[in-house]
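Novice: Structure: coords24.csv, CSV, C-alpha atoms.
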chain,number,residue,atom,x,y,z
A,1,MET,CA,20.7,120.2,105.4
A,2,SER,CA,20.9,123.8,106.6
A,3,ARG,CA,17.8,123.3,108.7
A,4,TYR,CA,19.4,120.4,110.5
A,5,ILE,CA,22.6,122.4,111.1
A,6,TYR,CA,20.5,125.2,112.6
A,7,ILE,CA,18.7,122.7,114.9
A,8,ILE,CA,22.0,121.3,116.1
A,9,LEU,CA,23.4,124.7,116.8
A,10,ARG,CA,20.3,125.7,118.7
A,11,VAL,CA,20.5,122.6,120.9
A,12,LEU,CA,24.2,123.3,121.5
A,13,ASN,CA,23.4,126.9,122.5
A,14,LEU,CA,20.7,125.7,124.9
A,15,LEU,CA,23.0,123.1,126.4
A,16,CYS,CA,25.7,125.8,126.9
A,17,GLY,CA,23.1,128.0,128.6
A,18,LYS,CA,23.0,130.6,125.8
A,19,SER,CA,19.8,131.6,124.1
A,20,VAL,CA,19.8,132.3,120.3
A,21,SER,CA,17.2,134.9,121.0
A,22,GLY,CA,19.5,137.0,123.2
A,23,PRO,CA,20.7,140.5,122.5
A,24,LEU,CA,22.9,140.9,119.4
A,25,ASN,CA,26.1,142.9,119.8
A,26,VAL,CA,26.8,145.7,117.4
A,27,LEU,CA,30.1,147.5,117.5
A,28,VAL,CA,30.3,151.1,116.3
A,29,PHE,CA,33.9,152.1,115.4
A,30,GLY,CA,35.8,154.6,113.3
A,31,GLU,CA,38.1,157.5,113.5
A,32,THR,CA,37.9,160.1,116.3
A,33,GLY,CA,35.5,162.9,115.2
A,34,VAL,CA,33.5,161.0,112.6
A,35,GLY,CA,30.3,161.1,114.7
A,36,LYS,CA,30.1,157.7,116.3
A,37,SER,CA,28.2,159.0,119.4
A,38,SER,CA,25.8,160.9,117.1
A,39,VAL,CA,25.1,157.8,115.1
A,40,ILE,CA,24.2,155.9,118.3
A,41,ASN,CA,21.9,158.8,119.4
A,42,LEU,CA,20.3,158.7,116.0
A,43,ILE,CA,19.6,155.0,116.3
A,44,MET,CA,18.4,155.3,119.9
A,45,ARG,CA,16.2,158.4,119.2
A,46,GLN,CA,17.6,160.1,122.2
A,47,ASN,CA,20.8,161.7,123.4
A,48,VAL,CA,22.4,158.9,125.4
A,49,ALA,CA,26.0,159.0,124.1
A,50,GLN,CA,28.3,162.0,124.7
A,51,THR,CA,29.1,163.9,121.5
A,52,SER,CA,31.8,166.2,122.8
A,53,PRO,CA,35.1,165.7,120.8
A,54,ASP,CA,37.0,166.1,124.1
A,55,ALA,CA,35.0,163.4,126.0
A,56,GLN,CA,36.5,160.0,126.6
A,57,THR,CA,34.4,157.7,124.4
A,58,CYS,CA,33.1,154.3,125.4
A,59,THR,CA,35.0,151.1,125.1
A,60,LEU,CA,33.9,147.5,125.4
A,61,GLU,CA,34.4,147.8,129.2
A,62,HIS,CA,31.5,150.1,129.5
A,63,THR,CA,27.7,149.5,129.6
A,64,PRO,CA,26.3,149.2,126.1
A,65,TYR,CA,23.2,151.0,124.8
A,66,LYS,CA,20.3,148.6,124.5
A,67,ILE,CA,17.6,149.0,121.9
A,68,THR,CA,14.8,146.8,120.4
A,69,LEU,CA,14.2,146.9,116.7
A,70,ASP,CA,11.6,144.7,115.0
A,71,ASP,CA,11.2,142.6,118.2
A,72,ARG,CA,15.0,141.9,118.4
A,73,GLU,CA,17.2,143.3,121.1
A,74,TYR,CA,20.5,144.8,120.2
A,75,LYS,CA,23.4,146.2,122.3
A,76,LEU,CA,25.4,149.1,120.7
A,77,TRP,CA,29.0,149.4,121.8
A,78,GLU,CA,31.0,152.5,120.9
A,79,VAL,CA,34.7,151.7,120.3
A,80,SER,CA,37.4,154.4,120.5
A,81,SER,CA,39.9,154.7,117.7
A,82,ILE,CA,43.4,153.8,118.7
A,83,THR,CA,45.0,155.0,115.4
A,84,PRO,CA,46.0,158.5,116.6
A,85,LEU,CA,47.7,157.2,119.7
A,86,SER,CA,51.5,157.1,120.2
A,87,PHE,CA,53.2,153.8,119.3
A,88,PHE,CA,53.5,152.4,122.9
A,89,ARG,CA,50.0,153.7,123.9
A,90,ARG,CA,48.5,152.2,120.7
A,91,LEU,CA,50.3,148.9,121.5
A,92,PHE,CA,48.8,148.8,125.0
A,93,MET,CA,45.3,149.7,123.8
A,94,ARG,CA,45.5,147.1,121.0
A,95,TRP,CA,46.2,144.4,123.6
A,96,LYS,CA,43.4,145.8,125.8
A,97,LEU,CA,40.9,145.9,122.9
A,98,LYS,CA,41.7,142.3,121.9
A,99,ARG,CA,41.2,141.1,125.5
A,100,GLU,CA,37.8,142.9,125.7
A,101,TYR,CA,36.7,141.7,122.3
A,102,LYS,CA,37.7,138.1,123.0
A,103,LYS,CA,35.6,138.2,126.2
A,104,LEU,CA,32.5,139.6,124.3
A,105,HIS,CA,33.0,137.2,121.4
A,106,LYS,CA,33.1,134.2,123.8
A,107,GLU,CA,30.1,135.2,125.9
A,108,ASP,CA,27.6,136.6,123.4
A,109,GLY,CA,29.3,136.8,120.0
A,110,VAL,CA,29.4,139.9,117.8
A,111,TYR,CA,26.8,140.2,115.1
A,112,LEU,CA,27.7,143.4,113.2
A,113,LEU,CA,30.3,146.1,112.9
A,114,LEU,CA,29.3,149.6,111.9
A,115,TYR,CA,32.2,151.5,110.5
A,116,CYS,CA,31.6,155.2,110.6
A,117,MET,CA,33.5,157.5,108.1
A,118,MET,CA,33.2,161.2,107.5
A,119,ARG,CA,32.3,162.5,104.1
A,120,GLY,CA,35.4,164.2,102.6
A,121,ARG,CA,37.9,162.8,105.2
A,122,ALA,CA,41.2,161.9,103.7
A,123,GLN,CA,40.8,158.3,102.4
A,124,GLY,CA,44.2,157.1,103.5
A,125,THR,CA,43.5,157.9,107.2
A,126,PHE,CA,40.2,156.1,107.5
A,127,VAL,CA,41.5,153.1,105.5
A,128,LYS,CA,44.3,152.8,108.0
A,129,ASP,CA,41.8,152.9,110.9
A,130,TYR,CA,39.5,150.3,109.2
A,131,LYS,CA,42.4,147.9,108.6
A,132,LEU,CA,43.8,148.3,112.1
A,133,PHE,CA,40.5,147.5,113.8
A,134,THR,CA,39.6,144.6,111.6
A,135,SER,CA,43.0,143.1,112.0
A,136,ILE,CA,42.5,143.2,115.8
A,137,ILE,CA,39.1,141.5,115.4
A,138,GLY,CA,40.3,138.9,113.0
A,139,SER,CA,43.3,137.9,115.0
A,140,THR,CA,41.2,137.6,118.1
A,141,ALA,CA,38.2,135.7,116.9
A,142,GLY,CA,39.6,134.1,113.8
A,143,ARG,CA,37.1,135.9,111.6
A,144,VAL,CA,35.6,139.3,111.1
A,145,PRO,CA,31.8,139.8,111.4
A,146,LYS,CA,29.8,141.6,108.8
A,147,ILE,CA,30.8,145.2,108.4
A,148,ALA,CA,28.4,147.9,107.3
A,149,ALA,CA,29.6,151.4,106.3
A,150,VAL,CA,28.0,154.4,107.8
A,151,VAL,CA,28.9,157.7,106.0
A,152,THR,CA,28.2,160.7,108.1
A,153,PHE,CA,28.1,164.6,107.7
A,154,LEU,CA,26.0,164.4,104.6
A,155,GLU,CA,23.4,166.9,105.7
A,156,ASP,CA,24.4,169.5,103.1
A,157,TYR,CA,25.4,167.0,100.4
A,158,PRO,CA,23.9,168.1,97.0
A,159,GLY,CA,21.3,165.7,95.7
A,160,ASP,CA,20.6,162.3,97.2
A,161,MET,CA,22.9,161.4,100.1
A,162,ASP,CA,23.4,157.9,98.7
A,163,ASP,CA,25.2,159.5,95.6
A,164,TRP,CA,28.3,159.7,97.8
A,165,TRP,CA,28.4,155.9,98.0
A,166,LYS,CA,27.9,155.5,94.2
A,167,LYS,CA,30.9,157.8,93.6
A,168,ASN,CA,33.2,156.3,96.3
A,169,GLU,CA,32.4,152.7,96.6
A,170,GLN,CA,34.9,151.5,94.0
A,171,ASN,CA,37.7,153.5,95.5
A,172,LEU,CA,37.0,152.0,98.9
A,173,ALA,CA,37.0,148.5,97.5
A,174,GLU,CA,40.2,149.1,95.7
A,175,SER,CA,41.7,150.2,99.0
A,176,GLY,CA,40.8,146.9,100.6
A,177,MET,CA,37.6,148.0,102.4
A,178,ARG,CA,34.8,145.6,102.0
A,179,PHE,CA,31.2,146.1,103.4
A,180,SER,CA,28.1,144.0,103.5
A,181,ASN,CA,25.9,147.0,103.6
A,182,HIS,CA,26.0,150.8,103.8
A,183,ALA,CA,24.0,153.9,104.9
A,184,CYS,CA,24.7,157.5,103.9
A,185,ILE,CA,23.2,159.7,106.5
A,186,THR,CA,23.2,162.9,108.6
A,187,SER,CA,23.3,162.4,112.4
A,188,LEU,CA,22.7,166.0,113.4
A,189,PRO,CA,20.5,166.4,116.5
A,190,ASP,CA,16.9,167.1,115.7
A,191,ASP,CA,16.4,170.8,115.6
A,192,GLN,CA,12.8,172.2,115.5
A,193,ASN,CA,14.2,175.4,114.0
A,194,ALA,CA,16.0,173.6,111.1
A,195,SER,CA,14.6,173.8,107.6
A,196,ALA,CA,12.0,171.3,106.5
A,197,ALA,CA,14.4,169.8,104.0
A,198,LEU,CA,17.1,169.2,106.7
A,199,ARG,CA,14.6,167.7,109.2
A,200,ALA,CA,13.3,165.4,106.4
A,201,ARG,CA,16.9,164.3,105.6
A,202,ARG,CA,17.5,163.6,109.3
A,203,TRP,CA,14.3,161.6,109.6
A,204,ARG,CA,15.2,159.5,106.6
A,205,SER,CA,18.7,158.9,108.0
A,206,GLU,CA,17.1,157.5,111.2
A,207,LEU,CA,15.0,155.1,109.2
A,208,ILE,CA,18.0,154.1,107.0
A,209,ILE,CA,20.4,153.3,109.9
A,210,ARG,CA,17.8,151.4,111.9
A,211,GLN,CA,16.7,149.4,108.8
A,212,LEU,CA,20.4,148.6,108.0
A,213,ILE,CA,20.7,146.9,111.4
A,214,CYS,CA,17.5,144.9,111.0
A,215,ASP,CA,18.4,143.9,107.4
A,216,SER,CA,21.8,142.7,108.4
A,217,TYR,CA,20.2,140.3,110.8
A,218,GLN,CA,18.0,138.6,108.1
A,219,ALA,CA,19.7,135.4,107.2
A,220,GLY,CA,19.9,134.5,103.5
A,221,THR,CA,18.9,137.9,102.3
A,222,SER,CA,20.5,139.3,99.1
A,223,GLN,CA,23.6,141.6,99.5
A,224,THR,CA,21.7,144.8,98.8
A,225,SER,CA,21.9,148.0,100.7
A,226,VAL,CA,19.0,149.8,102.3
A,227,ASN,CA,19.1,152.3,99.5
A,228,SER,CA,19.0,149.5,96.8
A,229,VAL,CA,22.6,150.1,95.7
A,230,PRO,CA,24.4,146.8,94.9
A,231,ILE,CA,27.5,146.3,97.1
A,232,ARG,CA,30.1,143.7,97.6
A,233,SER,CA,30.3,141.2,100.4
A,234,ALA,CA,32.4,141.9,103.5
A,235,SER,CA,35.8,140.1,103.6
A,236,ALA,CA,36.6,137.8,106.4
Kindly present the structure from the file in structure tokens form.
Specialist:
Amino acid sequence: MSRYIYIILRVLNLLCGKSVSGPLNVLVFGETGVGKSSVINLIMRQNVAQTSPDAQTCTLEHTPYKITLDDREYKLWEVSSITPLSFFRRLFMRWKLKREYKKLHKEDGVYLLLYCMMRGRAQGTFVKDYKLFTSIIGSTAGRVPKIAAVVTFLEDYPGDMDDWWKKNEQNLAESGMRFSNHACITSLPDDQNASAALRARRWRSELIIRQLICDSYQAGTSQTSVNSVPIRSASA
């Protein structure tokens, strides 16, 4: 039955002039200062996104970063946080973001959300940012795509970086944050003068975040993280 549904959807896509093999949109969001631009640079393997905390970050109005992973093309969009804005400014930006997302959803669809959070950041703050953004997405498209957590600034975390997730996953879930997958990483720029351990941790982070994107595309796969840590499904 599922095969017939797939065939029907494929025919409808072709009739509408849309190819199911087109680029998949990935939105990178999170609080200001959590390293969204650095995460994009890590995925791209080059410095294409500005990482200055004072720079105006990208929105859905700007050109996305295109990358091919495992023969699939993806578009990475960096989305600025509107949580720290004043009430009226936030209200305007919420309307603007809904308009932009609705256009993107209608034209190409959105395949995955990457929610970046900083290790050690006050939980209440990033929970608020998560809920605000997902509420905008849900009210615009009627559903929320899969959300994967990306935990940053773990370069000096003692032991395995994924231990952070094991210690904090339950607290996040109890706060209403649900994820289909996760990656605990460091997104520091590659430094030839850094220690061998740090460079190895960064190299592993690059593999993890890229594999997360590819794994999230695989239909029918089990809900298991790239680090083999069981997680819960993302809420709609």
Novice: Residues of segment 32-99 of chain A that approach segment 209-219 of chain A to 8 Å or less, counting all atoms listed in the file: could you list each one with the shortest pair of atoms and its distance in Å to one decimal, rows by chain and increasing residue number, as a tab-separated table?
Specialist:
residue	atom	partner	partner_atom	distance
A:Ile43	CA	A:Arg210	CA	6.0
A:Leu69	CA	A:Cys214	CA	6.9
A:Asp70	CA	A:Cys214	CA	7.1
Novice: At a cut-off of 8 Å from (36.1, 155.0, 115.6) in the coordinates of the file, what residues are picked up using all atoms listed in the file, written as number ranges by chain?
Specialist: A: 28-34, 36, 78-81, 115-116, 129
Novice: What separation in Å, quoted to one decimal, exists between atom CA of Lys102 of chain A and atom CA of Tyr65 of chain A?
Specialist: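 We find that atom CA of Lys102 of chain A and atom CA of Tyr65 of chain A lie 19.5 Å from each other.
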Novice: Determine the nearest neighbour of Ala183 of chain A from the options A:Leu24, A:Arg199, A:Arg45, A:Arg204, counting only C-alpha atoms.
Specialist: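 Result for the nearest residue to Ala183 of chain A: A:Arg204.
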Novice: Just the number, please: distance in Å from atom CA of Asp190 of chain A to atom CA of Arg202 of chain A, one decimal.
Specialist: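 The value is 7.3 Å.
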Novice: Find the residues with any atom within 9 Å of (27.5, 150.1, 121.2); use only C-alpha atoms and the coordinates as given in the file, and write the answer as a list in words.
Specialist: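 Here the neighbourhood of the point contains Asn25, Val26, Leu27, Val28, Phe29, Ile40, Cys58, Thr59, Leu60, Thr63, Pro64, Tyr65, Lys66, Tyr74, Lys75, Leu76, Trp77, Glu78 and Val79 of chain A.
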Novice: Can you pull out the residues contacting Asp191 of chain A? Cut-off 12 Å, using all atoms listed in the file, and skip same-chain residues under 5 positions away; I want them as a VMD selection string.
Specialist: chain A and resid 196 to 203
Novice: So the first atom is atom CA of Asn41 of chain A and the second is atom CA of Ile208 of chain A; what is the distance between them in Å, to one decimal place?
Specialist: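 Interatomic distance, atom CA of Asn41 of chain A to atom CA of Ile208 of chain A: 13.8 Å.
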Novice: Could you build a table of the residues in segment 110-139 of chain A lying no more than 9 Å from segment 82-98 of chain A, giving for each the nearest pair of atoms and their separation in Å rounded to one decimal place, using only C-alpha atoms, ordered by chain and ascending residue number, as a tab-separated table?
Specialist:
residue	atom	partner	partner_atom	distance
A:Thr125	CA	A:Thr83	CA	8.8
A:Lys128	CA	A:Thr83	CA	7.8
A:Asp129	CA	A:Thr83	CA	5.9
A:Leu132	CA	A:Thr83	CA	7.6
A:Phe133	CA	A:Ile82	CA	8.5
A:Ile136	CA	A:Lys98	CA	6.2
A:Ile137	CA	A:Lys98	CA	7.0
A:Ser139	CA	A:Lys98	CA	8.3
Novice: Could you check which of A:Lys131, A:His182, A:Arg99, A:Arg119 is closest to Phe153 of chain A, using only C-alpha atoms?
Specialist: A:Arg119
Novice: What's the 6 Å shell around Ser187 of chain A, counting only C-alpha atoms, without same-chain residues fewer than 3 positions away, as a VMD selection string?
Specialist: chain A and resid 38 to 39 42
Novice: Nearest residue to Ala141 of chain A out of A:Glu73, A:Ser180, A:Lys106, A:Gly35, using all atoms listed in the file?
Specialist: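 For Ala141 of chain A, the nearest of the given residues is A:Lys106.
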Novice: Which of these residues is nearest to Gly124 of chain A, using all atoms listed in the file: A:Glu100, A:Asp108, A:Glu174, A:Glu155?
Specialist: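 Counting all atoms listed in the file, the residue closest to Gly124 of chain A is A:Glu174.
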Novice: Please provide as a ChimeraX atom specification all residues within 6 Å of Cys184 of chain A, with the sequence filter that same-chain residues fewer than 3 positions apart are discarded (counting all atoms listed in the file).
Specialist: /A:150-151,161-162
Novice: Of the candidates A:His62, A:Asn171, A:Val110, A:Lys103, which one gets nearest to Gly22 of chain A if we count only C-alpha atoms?
Specialist: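 Ranking A:His62, A:Asn171, A:Val110, A:Lys103 by distance to Gly22 of chain A, first place goes to A:Val110.
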Novice: Tell me, as number ranges by chain, which residues lie within 8 Å of Met177 of chain A, counting only C-alpha atoms; anything in the same chain fewer than 4 positions away does not count.
Specialist: A: 127, 130-131, 172-173
Novice: Nearest residue to Leu112 of chain A out of A:Asn181, A:Gln192, A:Leu154, A:Trp165, using all atoms listed in the file?
Specialist: A:Asn181
Novice: Please return segment 87-117 of chain A, rebuilt to N, CA and C atoms, as a PDB file, in the frame of the given file.
Specialist:
ATOM      1  N   PHE A  87      52.938 155.203 119.618  1.00  0.00           N
ATOM      2  CA  PHE A  87      53.200 153.800 119.300  1.00  0.00           C
ATOM      3  C   PHE A  87      52.997 152.903 120.562  1.00  0.00           C
ATOM      4  N   PHE A  88      53.580 153.246 121.698  1.00  0.00           N
ATOM      5  CA  PHE A  88      53.500 152.400 122.900  1.00  0.00           C
ATOM      6  C   PHE A  88      52.055 152.419 123.464  1.00  0.00           C
ATOM      7  N   ARG A  89      51.423 153.597 123.411  1.00  0.00           N
ATOM      8  CA  ARG A  89      50.000 153.700 123.900  1.00  0.00           C
ATOM      9  C   ARG A  89      49.117 152.859 122.989  1.00  0.00           C
ATOM     10  N   ARG A  90      49.362 152.926 121.692  1.00  0.00           N
ATOM     11  CA  ARG A  90      48.500 152.200 120.700  1.00  0.00           C
ATOM     12  C   ARG A  90      48.759 150.655 120.947  1.00  0.00           C
ATOM     13  N   LEU A  91      49.986 150.266 121.234  1.00  0.00           N
ATOM     14  CA  LEU A  91      50.300 148.900 121.500  1.00  0.00           C
ATOM     15  C   LEU A  91      49.538 148.334 122.679  1.00  0.00           C
ATOM     16  N   PHE A  92      49.513 149.146 123.747  1.00  0.00           N
ATOM     17  CA  PHE A  92      48.800 148.800 125.000  1.00  0.00           C
ATOM     18  C   PHE A  92      47.295 148.672 124.707  1.00  0.00           C
ATOM     19  N   MET A  93      46.746 149.682 124.016  1.00  0.00           N
ATOM     20  CA  MET A  93      45.300 149.700 123.800  1.00  0.00           C
ATOM     21  C   MET A  93      44.892 148.600 122.806  1.00  0.00           C
ATOM     22  N   ARG A  94      45.778 148.222 121.904  1.00  0.00           N
ATOM     23  CA  ARG A  94      45.500 147.100 121.000  1.00  0.00           C
ATOM     24  C   ARG A  94      45.332 145.817 121.822  1.00  0.00           C
ATOM     25  N   TRP A  95      46.257 145.602 122.759  1.00  0.00           N
ATOM     26  CA  TRP A  95      46.200 144.400 123.600  1.00  0.00           C
ATOM     27  C   TRP A  95      44.880 144.445 124.454  1.00  0.00           C
ATOM     28  N   LYS A  96      44.551 145.624 124.979  1.00  0.00           N
ATOM     29  CA  LYS A  96      43.400 145.800 125.800  1.00  0.00           C
ATOM     30  C   LYS A  96      42.091 145.522 124.997  1.00  0.00           C
ATOM     31  N   LEU A  97      42.042 146.055 123.796  1.00  0.00           N
ATOM     32  CA  LEU A  97      40.900 145.900 122.900  1.00  0.00           C
ATOM     33  C   LEU A  97      40.708 144.404 122.544  1.00  0.00           C
ATOM     34  N   LYS A  98      41.817 143.731 122.255  1.00  0.00           N
ATOM     35  CA  LYS A  98      41.700 142.300 121.900  1.00  0.00           C
ATOM     36  C   LYS A  98      41.190 141.506 123.089  1.00  0.00           C
ATOM     37  N   ARG A  99      41.627 141.848 124.292  1.00  0.00           N
ATOM     38  CA  ARG A  99      41.200 141.100 125.500  1.00  0.00           C
ATOM     39  C   ARG A  99      39.654 141.353 125.674  1.00  0.00           C
ATOM     40  N   GLU A 100      39.202 142.594 125.511  1.00  0.00           N
ATOM     41  CA  GLU A 100      37.800 142.900 125.700  1.00  0.00           C
ATOM     42  C   GLU A 100      36.929 142.241 124.614  1.00  0.00           C
ATOM     43  N   TYR A 101      37.424 142.298 123.376  1.00  0.00           N
ATOM     44  CA  TYR A 101      36.700 141.700 122.300  1.00  0.00           C
ATOM     45  C   TYR A 101      36.569 140.193 122.432  1.00  0.00           C
ATOM     46  N   LYS A 102      37.663 139.579 122.846  1.00  0.00           N
ATOM     47  CA  LYS A 102      37.700 138.100 123.000  1.00  0.00           C
ATOM     48  C   LYS A 102      36.645 137.696 124.053  1.00  0.00           C
ATOM     49  N   LYS A 103      36.531 138.454 125.127  1.00  0.00           N
ATOM     50  CA  LYS A 103      35.600 138.200 126.200  1.00  0.00           C
ATOM     51  C   LYS A 103      34.136 138.296 125.633  1.00  0.00           C
ATOM     52  N   LEU A 104      33.874 139.373 124.904  1.00  0.00           N
ATOM     53  CA  LEU A 104      32.500 139.600 124.300  1.00  0.00           C
ATOM     54  C   LEU A 104      32.204 138.525 123.306  1.00  0.00           C
ATOM     55  N   HIS A 105      33.178 138.190 122.467  1.00  0.00           N
ATOM     56  CA  HIS A 105      33.000 137.200 121.400  1.00  0.00           C
ATOM     57  C   HIS A 105      32.653 135.813 122.054  1.00  0.00           C
ATOM     58  N   LYS A 106      33.329 135.492 123.138  1.00  0.00           N
ATOM     59  CA  LYS A 106      33.100 134.200 123.800  1.00  0.00           C
ATOM     60  C   LYS A 106      31.783 134.126 124.494  1.00  0.00           C
ATOM     61  N   GLU A 107      31.376 135.228 125.125  1.00  0.00           N
ATOM     62  CA  GLU A 107      30.100 135.200 125.900  1.00  0.00           C
ATOM     63  C   GLU A 107      28.889 135.345 125.064  1.00  0.00           C
ATOM     64  N   ASP A 108      28.856 136.314 124.174  1.00  0.00           N
ATOM     65  CA  ASP A 108      27.600 136.600 123.400  1.00  0.00           C
ATOM     66  C   ASP A 108      27.809 136.617 121.906  1.00  0.00           C
ATOM     67  N   GLY A 109      29.060 136.690 121.459  1.00  0.00           N
ATOM     68  CA  GLY A 109      29.300 136.800 120.000  1.00  0.00           C
ATOM     69  C   GLY A 109      29.081 138.257 119.566  1.00  0.00           C
ATOM     70  N   VAL A 110      29.582 138.577 118.399  1.00  0.00           N
ATOM     71  CA  VAL A 110      29.400 139.900 117.800  1.00  0.00           C
ATOM     72  C   VAL A 110      28.733 139.727 116.453  1.00  0.00           C
ATOM     73  N   TYR A 111      27.631 140.396 116.275  1.00  0.00           N
ATOM     74  CA  TYR A 111      26.800 140.200 115.100  1.00  0.00           C
ATOM     75  C   TYR A 111      27.120 141.137 113.943  1.00  0.00           C
ATOM     76  N   LEU A 112      27.488 142.374 114.274  1.00  0.00           N
ATOM     77  CA  LEU A 112      27.700 143.400 113.200  1.00  0.00           C
ATOM     78  C   LEU A 112      28.660 144.452 113.664  1.00  0.00           C
ATOM     79  N   LEU A 113      29.467 144.932 112.711  1.00  0.00           N
ATOM     80  CA  LEU A 113      30.300 146.100 112.900  1.00  0.00           C
ATOM     81  C   LEU A 113      29.794 147.240 112.082  1.00  0.00           C
ATOM     82  N   LEU A 114      29.649 148.401 112.690  1.00  0.00           N
ATOM     83  CA  LEU A 114      29.300 149.600 111.900  1.00  0.00           C
ATOM     84  C   LEU A 114      30.498 150.498 111.868  1.00  0.00           C
ATOM     85  N   TYR A 115      31.041 150.654 110.650  1.00  0.00           N
ATOM     86  CA  TYR A 115      32.200 151.500 110.500  1.00  0.00           C
ATOM     87  C   TYR A 115      31.814 152.880 110.034  1.00  0.00           C
ATOM     88  N   CYS A 116      32.001 153.869 110.898  1.00  0.00           N
ATOM     89  CA  CYS A 116      31.600 155.200 110.600  1.00  0.00           C
ATOM     90  C   CYS A 116      32.767 155.982 109.922  1.00  0.00           C
ATOM     91  N   MET A 117      32.473 156.654 108.836  1.00  0.00           N
ATOM     92  CA  MET A 117      33.500 157.500 108.100  1.00  0.00           C
ATOM     93  C   MET A 117      32.852 158.795 107.749  1.00  0.00           C
TER      94      MET A 117
END
